[in-house]
$ cat work_33.pdb   # PDB, C-alpha atoms, pLDDT in the B column
MODEL        1
ATOM      1  CA  HIS B   1       0.000   0.000   0.000  1.00 45.00           C
ATOM      2  CA  SER B   2       1.861   3.067  -1.290  1.00 43.00           C
ATOM      3  CA  LEU B   3       1.877   6.587   0.068  1.00 41.00           C
ATOM      4  CA  THR B   4      -0.133   7.772  -2.957  1.00 43.00           C
ATOM      5  CA  ASP B   5      -2.869   5.227  -2.253  1.00 47.00           C
ATOM      6  CA  THR B   6      -2.893   6.250   1.392  1.00 46.00           C
ATOM      7  CA  LEU B   7      -3.314   9.913   0.442  1.00 38.00           C
ATOM      8  CA  GLY B   8      -5.986   8.983  -2.082  1.00 43.00           C
ATOM      9  CA  ASP B   9      -7.929   6.962   0.474  1.00 51.00           C
ATOM     10  CA  SER B  10      -7.627   9.799   2.969  1.00 45.00           C
ATOM     11  CA  ARG B  11      -8.876  12.321   0.425  1.00 45.00           C
ATOM     12  CA  CYS B  12     -11.784  10.107  -0.561  1.00 49.00           C
ATOM     13  CA  GLY B  13     -12.704   9.745   3.082  1.00 48.00           C
ATOM     14  CA  THR B  14     -12.521  13.497   3.555  1.00 46.00           C
ATOM     15  CA  ASN B  15     -14.620  14.135   0.436  1.00 47.00           C
ATOM     16  CA  SER B  16     -17.265  11.671   1.510  1.00 47.00           C
ATOM     17  CA  THR B  17     -17.390  13.251   4.963  1.00 48.00           C
ATOM     18  CA  THR B  18     -17.618  16.728   3.422  1.00 49.00           C
ATOM     19  CA  SER B  19     -20.344  15.612   1.009  1.00 50.00           C
ATOM     20  CA  ALA B  20     -22.334  14.103   3.841  1.00 48.00           C
ATOM     21  CA  ALA B  21     -21.941  17.280   5.864  1.00 48.00           C
ATOM     22  CA  ASN B  22     -22.977  19.432   2.903  1.00 50.00           C
ATOM     23  CA  GLY B  23     -25.970  17.204   2.292  1.00 53.00           C
ATOM     24  CA  SER B  24     -26.971  17.467   5.913  1.00 66.00           C
ATOM     25  CA  GLU B  25     -26.631  21.260   5.890  1.00 68.00           C
ATOM     26  CA  PHE B  26     -28.577  21.482   2.621  1.00 64.00           C
ATOM     27  CA  GLY B  27     -31.371  19.407   4.108  1.00 69.00           C
ATOM     28  CA  LYS B  28     -31.487  21.640   7.168  1.00 70.00           C
ATOM     29  CA  ALA B  29     -31.651  24.682   4.910  1.00 65.00           C
ATOM     30  CA  LEU B  30     -34.590  23.219   2.982  1.00 67.00           C
ATOM     31  CA  LEU B  31     -36.442  22.423   6.216  1.00 71.00           C
ATOM     32  CA  HIS B  32     -35.755  25.904   7.522  1.00 66.00           C
ATOM     33  CA  PHE B  33     -36.986  27.427   4.268  1.00 62.00           C
ATOM     34  CA  ALA B  34     -40.165  25.326   4.397  1.00 66.00           C
ATOM     35  CA  LYS B  35     -40.900  26.636   7.882  1.00 66.00           C
ATOM     36  CA  LEU B  36     -40.391  30.258   6.808  1.00 60.00           C
ATOM     37  CA  SER B  37     -41.983  29.990   3.364  1.00 56.00           C
ATOM     38  CA  ASP B  38     -45.136  31.805   4.469  1.00 62.00           C
ATOM     39  CA  LYS B  39     -43.206  34.735   5.926  1.00 60.00           C
ATOM     40  CA  THR B  40     -42.261  37.659   3.722  1.00 59.00           C
ATOM     41  CA  VAL B  41     -40.066  40.709   4.129  1.00 58.00           C
ATOM     42  CA  SER B  42     -41.034  43.995   2.533  1.00 60.00           C
ATOM     43  CA  ASP B  43     -38.285  45.567   0.467  1.00 60.00           C
ATOM     44  CA  GLY B  44     -38.022  48.090  -2.300  1.00 64.00           C
ATOM     45  CA  GLY B  45     -39.071  51.682  -2.303  1.00 76.00           C
ATOM     46  CA  TRP B  46     -37.295  54.992  -1.939  1.00 81.00           C
ATOM     47  CA  GLY B  47     -36.796  54.929   1.825  1.00 84.00           C
ATOM     48  CA  TRP B  48     -35.739  51.274   1.939  1.00 83.00           C
ATOM     49  CA  ALA B  49     -33.180  51.831  -0.826  1.00 86.00           C
ATOM     50  CA  TRP B  50     -31.497  54.774   0.890  1.00 87.00           C
ATOM     51  CA  ARG B  51     -31.475  53.006   4.278  1.00 86.00           C
ATOM     52  CA  SER B  52     -29.891  49.948   2.681  1.00 86.00           C
ATOM     53  CA  ILE B  53     -27.261  52.092   0.975  1.00 85.00           C
ATOM     54  CA  TRP B  54     -26.497  53.947   4.201  1.00 87.00           C
ATOM     55  CA  ASN B  55     -26.047  50.858   6.402  1.00 87.00           C
ATOM     56  CA  GLY B  56     -24.412  48.738   3.686  1.00 83.00           C
ATOM     57  CA  GLN B  57     -27.147  46.103   3.551  1.00 83.00           C
ATOM     58  CA  ILE B  58     -27.707  46.709  -0.145  1.00 83.00           C
ATOM     59  CA  TYR B  59     -24.410  44.907  -0.770  1.00 82.00           C
ATOM     60  CA  ASP B  60     -24.193  42.566   2.235  1.00 81.00           C
ATOM     61  CA  ASN B  61     -27.784  41.296   2.189  1.00 77.00           C
ATOM     62  CA  GLU B  62     -28.991  41.918  -1.360  1.00 79.00           C
ATOM     63  CA  GLY B  63     -25.676  41.519  -3.180  1.00 83.00           C
ATOM     64  CA  ILE B  64     -26.306  44.636  -5.288  1.00 85.00           C
ATOM     65  CA  TRP B  65     -23.235  46.571  -6.392  1.00 85.00           C
ATOM     66  CA  LEU B  66     -23.682  50.061  -7.810  1.00 86.00           C
ATOM     67  CA  SER B  67     -21.295  50.967 -10.614  1.00 84.00           C
ATOM     68  CA  THR B  68     -18.935  53.916 -10.424  1.00 85.00           C
ATOM     69  CA  ARG B  69     -20.719  55.665 -13.310  1.00 85.00           C
ATOM     70  CA  ILE B  70     -24.013  55.659 -11.420  1.00 88.00           C
ATOM     71  CA  ILE B  71     -22.457  56.947  -8.196  1.00 89.00           C
ATOM     72  CA  ALA B  72     -20.458  59.639 -10.035  1.00 90.00           C
ATOM     73  CA  GLY B  73     -23.591  60.689 -11.910  1.00 90.00           C
ATOM     74  CA  ASN B  74     -25.532  60.932  -8.682  1.00 91.00           C
ATOM     75  CA  LEU B  75     -22.812  63.095  -7.139  1.00 93.00           C
ATOM     76  CA  SER B  76     -22.957  65.381 -10.189  1.00 92.00           C
ATOM     77  CA  GLN B  77     -26.709  65.754  -9.641  1.00 93.00           C
ATOM     78  CA  LEU B  78     -26.073  66.733  -6.028  1.00 93.00           C
ATOM     79  CA  VAL B  79     -23.621  69.370  -7.276  1.00 93.00           C
ATOM     80  CA  ILE B  80     -26.375  70.757  -9.514  1.00 93.00           C
ATOM     81  CA  CYS B  81     -28.651  70.935  -6.466  1.00 92.00           C
ATOM     82  CA  LEU B  82     -26.025  73.002  -4.667  1.00 91.00           C
ATOM     83  CA  ILE B  83     -25.169  75.424  -7.469  1.00 91.00           C
ATOM     84  CA  PHE B  84     -28.689  75.932  -8.844  1.00 91.00           C
ATOM     85  CA  PRO B  85     -29.818  78.264  -6.012  1.00 89.00           C
ATOM     86  CA  ILE B  86     -26.539  80.190  -6.374  1.00 91.00           C
ATOM     87  CA  PHE B  87     -27.103  80.785 -10.072  1.00 89.00           C
ATOM     88  CA  GLY B  88     -30.713  81.693  -9.301  1.00 88.00           C
ATOM     89  CA  TYR B  89     -29.521  84.324  -6.841  1.00 89.00           C
ATOM     90  CA  ILE B  90     -27.061  85.673  -9.421  1.00 89.00           C
ATOM     91  CA  PHE B  91     -29.850  85.809 -12.014  1.00 86.00           C
ATOM     92  CA  LEU B  92     -32.231  87.689  -9.724  1.00 85.00           C
ATOM     93  CA  ASN B  93     -29.551  90.262  -8.929  1.00 87.00           C
ATOM     94  CA  GLY B  94     -28.156  90.483 -12.450  1.00 84.00           C
ATOM     95  CA  ASP B  95     -28.219  93.671 -14.512  1.00 83.00           C
ATOM     96  CA  LEU B  96     -30.516  92.273 -17.211  1.00 79.00           C
ATOM     97  CA  TYR B  97     -33.210  91.144 -14.790  1.00 81.00           C
ATOM     98  CA  GLN B  98     -32.928  94.203 -12.535  1.00 81.00           C
ATOM     99  CA  THR B  99     -33.137  96.537 -15.526  1.00 82.00           C
ATOM    100  CA  TYR B 100     -36.397  94.935 -16.596  1.00 79.00           C
ATOM    101  CA  VAL B 101     -37.784  95.034 -13.037  1.00 79.00           C
ATOM    102  CA  GLN B 102     -36.864  98.697 -12.571  1.00 81.00           C
ATOM    103  CA  GLN B 103     -39.006  99.597 -15.590  1.00 79.00           C
ATOM    104  CA  LEU B 104     -42.092  98.696 -13.591  1.00 75.00           C
ATOM    105  CA  ASP B 105     -43.646 100.683 -10.812  1.00 78.00           C
ATOM    106  CA  LYS B 106     -42.592  99.671  -7.329  1.00 77.00           C
ATOM    107  CA  SER B 107     -46.124  98.480  -6.646  1.00 76.00           C
ATOM    108  CA  GLU B 108     -45.900  96.155  -9.679  1.00 77.00           C
ATOM    109  CA  GLN B 109     -42.363  94.798  -9.274  1.00 80.00           C
ATOM    110  CA  TRP B 110     -43.581  91.835  -7.252  1.00 83.00           C
ATOM    111  CA  ARG B 111     -45.227  90.545 -10.445  1.00 82.00           C
ATOM    112  CA  MET B 112     -41.721  89.910 -11.789  1.00 83.00           C
ATOM    113  CA  ILE B 113     -40.009  88.887  -8.575  1.00 85.00           C
ATOM    114  CA  VAL B 114     -42.533  86.272  -7.419  1.00 88.00           C
ATOM    115  CA  PRO B 115     -42.658  84.222 -10.689  1.00 88.00           C
ATOM    116  CA  ALA B 116     -38.864  84.197 -11.001  1.00 89.00           C
ATOM    117  CA  THR B 117     -38.398  83.146  -7.367  1.00 91.00           C
ATOM    118  CA  ILE B 118     -41.000  80.388  -7.568  1.00 92.00           C
ATOM    119  CA  GLY B 119     -39.516  79.141 -10.845  1.00 93.00           C
ATOM    120  CA  ILE B 120     -36.048  78.893  -9.296  1.00 92.00           C
ATOM    121  CA  ILE B 121     -37.425  77.077  -6.254  1.00 94.00           C
ATOM    122  CA  LEU B 122     -39.310  74.575  -8.410  1.00 94.00           C
ATOM    123  CA  GLY B 123     -36.220  74.049 -10.563  1.00 93.00           C
ATOM    124  CA  PHE B 124     -34.232  73.315  -7.413  1.00 94.00           C
ATOM    125  CA  PHE B 125     -36.844  70.807  -6.254  1.00 95.00           C
ATOM    126  CA  ALA B 126     -36.780  69.134  -9.693  1.00 94.00           C
ATOM    127  CA  ALA B 127     -32.992  68.709  -9.503  1.00 93.00           C
ATOM    128  CA  THR B 128     -33.254  67.409  -5.925  1.00 94.00           C
ATOM    129  CA  THR B 129     -35.959  64.915  -6.880  1.00 93.00           C
ATOM    130  CA  LEU B 130     -33.841  63.520  -9.706  1.00 93.00           C
ATOM    131  CA  ALA B 131     -30.805  63.261  -7.423  1.00 93.00           C
ATOM    132  CA  LEU B 132     -32.734  61.415  -4.712  1.00 93.00           C
ATOM    133  CA  THR B 133     -34.462  58.943  -7.052  1.00 92.00           C
ATOM    134  CA  LEU B 134     -31.539  57.866  -9.261  1.00 91.00           C
ATOM    135  CA  LEU B 135     -30.038  55.217  -6.969  1.00 91.00           C
ATOM    136  CA  PRO B 136     -33.415  53.816  -5.753  1.00 91.00           C
ATOM    137  CA  SER B 137     -34.533  53.585  -9.390  1.00 90.00           C
ATOM    138  CA  THR B 138     -31.333  51.723 -10.302  1.00 88.00           C
ATOM    139  CA  ILE B 139     -31.810  49.288  -7.418  1.00 88.00           C
ATOM    140  CA  ARG B 140     -35.443  48.762  -8.417  1.00 87.00           C
ATOM    141  CA  THR B 141     -34.423  47.858 -11.965  1.00 84.00           C
ATOM    142  CA  ILE B 142     -31.823  45.373 -10.680  1.00 84.00           C
ATOM    143  CA  LEU B 143     -34.406  43.718  -8.426  1.00 84.00           C
ATOM    144  CA  GLN B 144     -36.861  43.524 -11.326  1.00 82.00           C
ATOM    145  CA  PHE B 145     -34.250  41.673 -13.383  1.00 80.00           C
ATOM    146  CA  ARG B 146     -33.503  39.380 -10.463  1.00 80.00           C
ATOM    147  CA  TYR B 147     -37.105  38.425  -9.732  1.00 75.00           C
ATOM    148  CA  GLY B 148     -38.182  38.092 -13.358  1.00 74.00           C
ATOM    149  CA  CYS B 149     -40.316  41.229 -13.653  1.00 75.00           C
ATOM    150  CA  ILE B 150     -38.022  42.204 -16.521  1.00 73.00           C
ATOM    151  CA  GLY B 151     -37.216  39.359 -18.899  1.00 71.00           C
ATOM    152  CA  SER B 152     -33.697  37.996 -18.898  1.00 71.00           C
ATOM    153  CA  LEU B 153     -31.942  35.162 -20.777  1.00 69.00           C
ATOM    154  CA  ASN B 154     -35.098  33.253 -21.708  1.00 72.00           C
ATOM    155  CA  ASP B 155     -36.952  36.363 -22.849  1.00 73.00           C
ATOM    156  CA  LYS B 156     -37.271  37.041 -26.560  1.00 75.00           C
ATOM    157  CA  VAL B 157     -36.608  40.729 -25.984  1.00 73.00           C
ATOM    158  CA  PHE B 158     -33.323  40.001 -24.198  1.00 73.00           C
ATOM    159  CA  LEU B 159     -31.378  40.193 -27.455  1.00 74.00           C
ATOM    160  CA  ASP B 160     -32.431  43.828 -27.791  1.00 73.00           C
ATOM    161  CA  TYR B 161     -30.651  44.591 -24.513  1.00 70.00           C
ATOM    162  CA  ARG B 162     -27.376  43.412 -26.046  1.00 72.00           C
ATOM    163  CA  LEU B 163     -27.480  46.023 -28.828  1.00 74.00           C
ATOM    164  CA  ALA B 164     -25.375  49.199 -28.563  1.00 68.00           C
ATOM    165  CA  VAL B 165     -23.597  48.050 -25.411  1.00 68.00           C
ATOM    166  CA  GLU B 166     -21.064  50.846 -25.888  1.00 68.00           C
ATOM    167  CA  GLN B 167     -23.764  53.386 -25.063  1.00 72.00           C
ATOM    168  CA  GLN B 168     -23.210  52.692 -21.370  1.00 72.00           C
ATOM    169  CA  SER B 169     -20.396  55.237 -21.646  1.00 75.00           C
ATOM    170  CA  LEU B 170     -23.116  57.865 -22.143  1.00 80.00           C
ATOM    171  CA  ILE B 171     -24.706  57.180 -18.754  1.00 81.00           C
ATOM    172  CA  PHE B 172     -22.748  59.802 -16.849  1.00 84.00           C
ATOM    173  CA  GLY B 173     -23.418  62.534 -19.405  1.00 86.00           C
ATOM    174  CA  SER B 174     -27.099  61.636 -19.596  1.00 88.00           C
ATOM    175  CA  ILE B 175     -27.451  61.801 -15.822  1.00 90.00           C
ATOM    176  CA  PHE B 176     -25.684  65.153 -15.498  1.00 91.00           C
ATOM    177  CA  TRP B 177     -27.084  67.015 -18.505  1.00 92.00           C
ATOM    178  CA  GLY B 178     -30.537  65.512 -18.032  1.00 91.00           C
ATOM    179  CA  ALA B 179     -30.729  66.841 -14.477  1.00 92.00           C
ATOM    180  CA  LEU B 180     -29.339  70.247 -15.486  1.00 93.00           C
ATOM    181  CA  TYR B 181     -31.660  70.732 -18.478  1.00 94.00           C
ATOM    182  CA  THR B 182     -34.667  69.452 -16.544  1.00 94.00           C
ATOM    183  CA  SER B 183     -34.161  71.859 -13.652  1.00 93.00           C
ATOM    184  CA  ILE B 184     -33.661  74.803 -16.035  1.00 93.00           C
ATOM    185  CA  LEU B 185     -36.728  73.924 -18.136  1.00 95.00           C
ATOM    186  CA  VAL B 186     -38.883  73.482 -15.029  1.00 94.00           C
ATOM    187  CA  ALA B 187     -37.748  76.863 -13.697  1.00 93.00           C
ATOM    188  CA  PHE B 188     -38.410  78.696 -16.984  1.00 92.00           C
ATOM    189  CA  PHE B 189     -41.689  76.905 -17.673  1.00 94.00           C
ATOM    190  CA  PHE B 190     -43.372  77.526 -14.319  1.00 93.00           C
ATOM    191  CA  GLY B 191     -41.769  80.940 -13.955  1.00 89.00           C
ATOM    192  CA  GLY B 192     -43.016  81.895 -17.432  1.00 88.00           C
ATOM    193  CA  VAL B 193     -46.537  80.646 -16.774  1.00 88.00           C
ATOM    194  CA  LEU B 194     -46.752  82.553 -13.485  1.00 87.00           C
ATOM    195  CA  LEU B 195     -45.303  85.645 -15.127  1.00 83.00           C
ATOM    196  CA  PHE B 196     -47.940  85.471 -17.847  1.00 83.00           C
ATOM    197  CA  LEU B 197     -50.725  85.114 -15.276  1.00 82.00           C
ATOM    198  CA  MET B 198     -49.458  87.832 -12.906  1.00 77.00           C
ATOM    199  CA  HIS B 199     -48.219  90.414 -15.370  1.00 70.00           C
ATOM    200  CA  PRO B 200     -50.683  93.281 -15.940  1.00 62.00           C
ATOM    201  CA  VAL B 201     -52.364  93.171 -19.333  1.00 56.00           C
ATOM    202  CA  CYS B 202     -51.864  96.879 -19.892  1.00 46.00           C
ATOM    203  CA  ILE B 203     -48.089  96.459 -20.052  1.00 50.00           C
ATOM    204  CA  TYR B 204     -48.386  93.875 -22.823  1.00 48.00           C
ATOM    205  CA  SER B 205     -50.834  96.026 -24.757  1.00 42.00           C
ATOM    206  CA  GLU B 206     -48.568  99.085 -24.550  1.00 48.00           C
ATOM    207  CA  ARG B 207     -45.592  97.106 -25.815  1.00 50.00           C
ATOM    208  CA  PHE B 208     -47.544  95.598 -28.691  1.00 46.00           C
ATOM    209  CA  ILE B 209     -48.778  99.082 -29.710  1.00 44.00           C
ATOM    210  CA  LYS B 210     -45.250 100.427 -29.625  1.00 50.00           C
TER
ENDMDL
END
$ encode --input "work_33.pdb" --output "structure tokens"
Amino acid sequence: HSLTDTLGDSRCGTNSTTSAANGSEFGKALLHFAKLSDKTVSDGGWGWAWRSIWNGQIYDNEGIWLSTRIIAGNLSQLVICLIFPIFGYIFLNGDLYQTYVQQLDKSEQWRMIVPATIGIILGFFAATTLALTLLPSTIRTILQFRYGCIGSLNDKVFLDYRLAVEQQSLIFGSIFWGALYTSILVAFFFGGVLLFLMHPVCIYSERFIK
């Protein structure tokens, strides 16, 4: 009986012991799962996503890893949230805006100041909303893939997901410019609508006559 045979017999004995142990543990896991099969845990949602990111459970418990592009894009959105009020303040105190406001009577200047201020505030809230929903939306999409809500390998549409894979390099730009353009458009849209509703009609008529 050679040393090689002895080592082989020892390894076989170890493997059989390990297999038996694994089988026993697997059986215990199945029994434990059967006992807890009726119990469910609520997950998903905006608050759950941010709590899981903050305490690290999104990676430890769910096994979800957020790419660097997504995190960098989210940080760029937070930067927009910080600088948008600053640019709004600069706009309200700029020469162009102040020149237009000074043309009105002091009793009518609020009709210009209020729409512009509300537009800037709404634009800030739009940028903040996008910044706070990006990561929860990404996690939601990952969970939908995992649980079959979005078709994967066996889905006929899955081949469409494999087209233009290089466009993932556009994610960061789309996140940043999308948030910036959205906040600006929201500010100008609501500010313009309020300006149209609050501005005295006589001023428009005088300008059209001139």
$ residues_around --input "work_33.pdb" --residues "Thr141 in chain B" --least-positions-apart "6" --cutoff "12 Å" --atoms "all atoms listed in the file" --output "list in words"
Gly44, Gly45, Ala49, Ile64, Leu66, Leu134, Leu135, Tyr147, Gly148, Cys149, Ile150 and Gly151 of chain B
$ atom_distance --input "work_33.pdb" --atom1 "CA of Tyr97 in chain B" --atom2 "CA of Ile121 in chain B"
17.0 Å
$ atom_distance --input "work_33.pdb" --atom1 "CA of Val193 in chain B" --atom2 "CA of Trp110 in chain B"
15.0 Å
$ atom_distance --input "work_33.pdb" --atom1 "CA of Glu62 in chain B" --atom2 "CA of Arg146 in chain B"
10.5 Å
$ axis_aligned_box --input "work_33.pdb" --around "range 123-130 of chain B" --padding-each-side "3 Å" --output "JSON"
{"center_x": -34.9, "center_y": 68.8, "center_z": -8.2, "size_x": 9.9, "size_y": 16.5, "size_z": 10.6}
$ closest_residue --input "work_33.pdb" --among "B:Gln77, B:Asn61, B:Ser52, B:Ser67" --to "Ala131 in chain B" --atoms "only C-alpha atoms"
B:Gln77
$ residues_around --input "work_33.pdb" --residues "range 169-171 of chain B" --least-positions-apart "3" --cutoff "8 Å" --atoms "only C-alpha atoms" --output "list in words"
Arg69, Ile70, Gly73, Glu166, Ser174 and Ile175 of chain B
$ write_last_selection --input "work_33.pdb" --atoms "C-alpha atoms" --output "PDB file, in the coordinates of the input"
ATOM      1  CA  ARG B  69     -20.719  55.665 -13.310  1.00 85.00           C
ATOM      2  CA  ILE B  70     -24.013  55.659 -11.420  1.00 88.00           C
ATOM      3  CA  GLY B  73     -23.591  60.689 -11.910  1.00 90.00           C
ATOM      4  CA  GLU B 166     -21.064  50.846 -25.888  1.00 68.00           C
ATOM      5  CA  SER B 174     -27.099  61.636 -19.596  1.00 88.00           C
ATOM      6  CA  ILE B 175     -27.451  61.801 -15.822  1.00 90.00           C
TER       7      ILE B 175
END
$ residues_around --input "work_33.pdb" --residues "Thr182 in chain B" --least-positions-apart "5" --cutoff "8 Å" --atoms "all atoms listed in the file" --output "NGL selection string"
:B and (123 or 126-127)
$ closest_atom_pairs --input "work_33.pdb" --of "range 168-194 of chain B" --to "range 83-93 of chain B" --cutoff "10 Å" --atoms "all atoms listed in the file" --output "tab-separated table"
residue	atom	partner	partner_atom	distance
B:Leu180	CA	B:Phe84	CA	8.8
B:Ser183	CA	B:Phe84	CA	8.3
B:Ile184	CA	B:Phe84	CA	8.8
B:Ala187	CA	B:Gly88	CA	9.6
$ closest_residue --input "work_33.pdb" --among "B:Val79, B:Phe189, B:Gly94, B:Ile71" --to "Ile120 in chain B" --atoms "all atoms listed in the file"
B:Phe189
$ closest_residue --input "work_33.pdb" --among "B:Thr99, B:Cys81, B:Asn55, B:Leu163" --to "Phe125 in chain B" --atoms "all atoms listed in the file"
B:Cys81
$ closest_residue --input "work_33.pdb" --among "B:Ile53, B:Phe158, B:Ser76, B:Gln102" --to "Phe145 in chain B" --atoms "only C-alpha atoms"
B:Phe158
$ resolve_selection --input "work_33.pdb" --expression "the PyMOL selection byres ((chain B and resi 109) around 12)" --output "number ranges by chain"
B: 97-108, 110-116, 195, 198-200
$ closest_residue --input "work_33.pdb" --among "B:Leu78, B:Leu143, B:Leu122, B:Leu130" --to "Gly178 in chain B" --atoms "all atoms listed in the file"
B:Leu130
